[in-house]
Structures are given as structure tokens and as C-alpha cells.
Amino acid sequence: MNLPNILTVLRIVLIPLFVIAFLDGGISTWAAFAIFILASVTDFLDGYIARKKNLVTDFGKLMDPLADKILVMSAFVCFTFAGIFHPAVTIVVMSREFLVTGIRMLATAKGKIIAADILGKLKTISQDITAILVLFKCSAGADEISFIGIATDCITWIMVILTICSGINYCIKNKEIFEKM
């Protein structure tokens, strides 16, 4: 197993540790914050190293995006459970992720590879920033009317809009996959 794939597996291993730390509360929210940052860094590094060193593998192509989705969805489910997010936020994110993954699976079955586009990348960045801000807000004990509280609310709405737009964009750009069903 090469280094990028090890980093992907590490990210998957970090996910339950993140969930446990977040749900434990108290000082553990700082641990959850640190674990999420570490997991996000492994996401950047595995892709960078794989491309730079020509270590792209089928395992990495499959597991890297799944690990990313599981990390973000785990965080958002935790935020919903803790009453930080309205359930609709998490449902929108999860629905988009399952929809796009399904489209990609159908496309792959038909011999077509669907690469991430700019909206998908912006969506991913906004989801990571949202999670990091929420975790920082929880760890620092910031309230809703503080700068960090307002910034978190704003980026959450931007993230939801980008998530919806990205999902619609994937459907429109790949409508031929639905037409041939």
C-alpha cells in the first residue's frame, strides 16, 4: 500500500475518533477540532502526493472521495445530533452526496468517468470550512451573535447553496446517464 492510500485509510480511522471526541463534549471538542483538521490535511496530502509521485491507484480513486464524504457527513450528523444544525442541512448534504455518487457509479458502469468540477470542489471546500468553523465555535464557546457565530451561519448557508447547485449541475451535465436508464 502506497503513502497516499495509507493517508486515506488513516482518515477513515480518524472518523470514529472524531465522533467520539465530539460527542463526549467539554475539552474533547478541542480534540474533535484537531482530529478533523488532521483528517482534512490527510485529504489534501493524499491527492497531492498521488498526483505528484504518480501513485494514483484504483483504491485511491474509490476510497479517497468516499473517505471525504464519510468525514463530512459524520461531522454534520454530529452537529445535527447536538442541535447545532437543523436536520434539513444534513439531509441536503447527504442527499447530494448519495445522488452524485450514484450518478458516478452509473457512469462508471457505462465506461464513463466523471471528474469533479469547479462547483464540486467549491462545495467540498465550503463543507470543510463550515465543519472547521462549527468545531472552532463549539470549542471556543462562542455564541450565535459573536463574529465567529455569524461567520459560521453565513458559511453554512453558502455551503448549503453550493451543495444544492453542485448537485443540480451534476444532474444537468450528466443527464444522458438518466436518459439511457
# chains A, B, ... in the order shown; residues from 1 in each chain; ligands from 1
call {"tool": "residues_around", "arguments": {"residues": "segment 30-39 of chain A", "least_positions_apart": "5", "cutoff": "10 Å", "atoms": "only C-alpha atoms", "output": "PyMOL selection string"}}
result
chain A and resi 7-8+10-15+17-25+44-45+67-68+71-72+75+128+131-140
call {"tool": "select_by_dssp", "arguments": {"residues": "chain A", "states": "helix (DSSP H, G or I)", "output": "PyMOL selection string"}}
result
chain A and resi 3-24+28-52+58-81+87-109+118-140+147-173+175-179
call {"tool": "closest_residue", "arguments": {"among": "A:Cys78, A:Met1, A:Leu119, A:Ile84", "to": "Gly149 of chain A", "atoms": "only C-alpha atoms"}}
result
A:Ile84
call {"tool": "atom_distance", "arguments": {"atom1": "atom CA of Ile118 of chain A", "atom2": "atom CA of Gly60 of chain A"}}
result
20.3 Å
call {"tool": "atom_distance", "arguments": {"atom1": "atom CA of Lys121 of chain A", "atom2": "atom CA of Ile150 of chain A"}}
result
23.8 Å
call {"tool": "closest_atom_pairs", "arguments": {"of": "segment 56-110 of chain A", "to": "segment 157-179 of chain A", "cutoff": "10 Å", "atoms": "only C-alpha atoms", "output": "JSON lines"}}
result
{"residue": "A:Ala88", "atom": "CA", "partner": "A:Val160", "partner_atom": "CA", "distance": 9.7}
{"residue": "A:Val89", "atom": "CA", "partner": "A:Val160", "partner_atom": "CA", "distance": 6.8}
{"residue": "A:Thr90", "atom": "CA", "partner": "A:Val160", "partner_atom": "CA", "distance": 9.1}
{"residue": "A:Val92", "atom": "CA", "partner": "A:Val160", "partner_atom": "CA", "distance": 7.3}
{"residue": "A:Val93", "atom": "CA", "partner": "A:Thr163", "partner_atom": "CA", "distance": 6.4}
{"residue": "A:Met94", "atom": "CA", "partner": "A:Thr163", "partner_atom": "CA", "distance": 9.6}
{"residue": "A:Ser95", "atom": "CA", "partner": "A:Gly167", "partner_atom": "CA", "distance": 8.9}
{"residue": "A:Arg96", "atom": "CA", "partner": "A:Gly167", "partner_atom": "CA", "distance": 5.5}
{"residue": "A:Glu97", "atom": "CA", "partner": "A:Gly167", "partner_atom": "CA", "distance": 8.0}
{"residue": "A:Phe98", "atom": "CA", "partner": "A:Gly167", "partner_atom": "CA", "distance": 9.8}
{"residue": "A:Leu99", "atom": "CA", "partner": "A:Gly167", "partner_atom": "CA", "distance": 7.4}
{"residue": "A:Val100", "atom": "CA", "partner": "A:Gly167", "partner_atom": "CA", "distance": 6.6}
{"residue": "A:Ile103", "atom": "CA", "partner": "A:Ile177", "partner_atom": "CA", "distance": 7.4}
{"residue": "A:Arg104", "atom": "CA", "partner": "A:Asn174", "partner_atom": "CA", "distance": 9.2}
{"residue": "A:Leu106", "atom": "CA", "partner": "A:Ile177", "partner_atom": "CA", "distance": 7.0}
{"residue": "A:Ala107", "atom": "CA", "partner": "A:Ile177", "partner_atom": "CA", "distance": 6.5}
{"residue": "A:Lys110", "atom": "CA", "partner": "A:Ile177", "partner_atom": "CA", "distance": 8.5}
call {"tool": "write_last_selection", "arguments": {"atoms": "N, CA and C atoms", "output": "mmCIF file, in the first residue's frame"}}
result
data_model
loop_
_atom_site.group_PDB
_atom_site.id
_atom_site.type_symbol
_atom_site.label_atom_id
_atom_site.label_comp_id
_atom_site.auth_asym_id
_atom_site.auth_seq_id
_atom_site.Cartn_x
_atom_site.Cartn_y
_atom_site.Cartn_z
ATOM 1 N N ALA A 88 -32.440 19.578 8.212
ATOM 2 C CA ALA A 88 -32.526 19.803 6.762
ATOM 3 C C ALA A 88 -31.149 20.045 6.153
ATOM 4 N N VAL A 89 -30.260 20.700 6.886
ATOM 5 C CA VAL A 89 -28.903 20.961 6.376
ATOM 6 C C VAL A 89 -28.199 19.633 6.106
ATOM 7 N N THR A 90 -28.244 18.749 7.067
ATOM 8 C CA THR A 90 -27.576 17.458 6.933
ATOM 9 C C THR A 90 -28.242 16.616 5.855
ATOM 10 N N VAL A 92 -29.837 17.701 3.166
ATOM 11 C CA VAL A 92 -29.447 18.250 1.858
ATOM 12 C C VAL A 92 -28.057 17.761 1.480
ATOM 13 N N VAL A 93 -27.111 17.840 2.407
ATOM 14 C CA VAL A 93 -25.737 17.412 2.126
ATOM 15 C C VAL A 93 -25.699 15.920 1.812
ATOM 16 N N MET A 94 -26.329 15.112 2.642
ATOM 17 C CA MET A 94 -26.308 13.666 2.418
ATOM 18 C C MET A 94 -26.996 13.293 1.105
ATOM 19 N N SER A 95 -28.110 13.925 0.816
ATOM 20 C CA SER A 95 -28.838 13.631 -0.419
ATOM 21 C C SER A 95 -27.986 13.947 -1.640
ATOM 22 N N ARG A 96 -27.328 15.077 -1.634
ATOM 23 C CA ARG A 96 -26.463 15.443 -2.752
ATOM 24 C C ARG A 96 -25.319 14.451 -2.903
ATOM 25 N N GLU A 97 -24.705 14.057 -1.799
ATOM 26 C CA GLU A 97 -23.571 13.140 -1.867
ATOM 27 C C GLU A 97 -23.999 11.781 -2.407
ATOM 28 N N PHE A 98 -25.133 11.255 -1.935
ATOM 29 C CA PHE A 98 -25.618 9.972 -2.445
ATOM 30 C C PHE A 98 -26.033 10.078 -3.913
ATOM 31 N N LEU A 99 -26.673 11.174 -4.281
ATOM 32 C CA LEU A 99 -27.085 11.383 -5.670
ATOM 33 C C LEU A 99 -25.884 11.393 -6.607
ATOM 34 N N VAL A 100 -24.892 12.209 -6.289
ATOM 35 C CA VAL A 100 -23.711 12.330 -7.153
ATOM 36 C C VAL A 100 -22.922 11.017 -7.175
ATOM 37 N N ILE A 103 -24.765 8.770 -9.509
ATOM 38 C CA ILE A 103 -24.526 9.167 -10.901
ATOM 39 C C ILE A 103 -23.147 8.678 -11.348
ATOM 40 N N ARG A 104 -22.167 8.866 -10.491
ATOM 41 C CA ARG A 104 -20.814 8.412 -10.836
ATOM 42 C C ARG A 104 -20.753 6.899 -11.008
ATOM 43 N N LEU A 106 -23.255 4.883 -11.919
ATOM 44 C CA LEU A 106 -23.919 4.570 -13.190
ATOM 45 C C LEU A 106 -23.008 4.895 -14.369
ATOM 46 N N ALA A 107 -22.355 6.043 -14.297
ATOM 47 C CA ALA A 107 -21.453 6.441 -15.378
ATOM 48 C C ALA A 107 -20.303 5.452 -15.516
ATOM 49 N N LYS A 110 -21.105 2.420 -17.283
ATOM 50 C CA LYS A 110 -21.227 2.650 -18.723
ATOM 51 C C LYS A 110 -19.905 3.078 -19.350
#
call {"tool": "closest_residue", "arguments": {"among": "A:Ala115, A:Ala82, A:Ala109, A:Ile27", "to": "Pro65 of chain A", "atoms": "only C-alpha atoms"}}
result
A:Ala115
call {"tool": "atom_distance", "arguments": {"atom1": "atom CA of Ile148 of chain A", "atom2": "atom CA of Gly83 of chain A"}}
result
17.3 Å
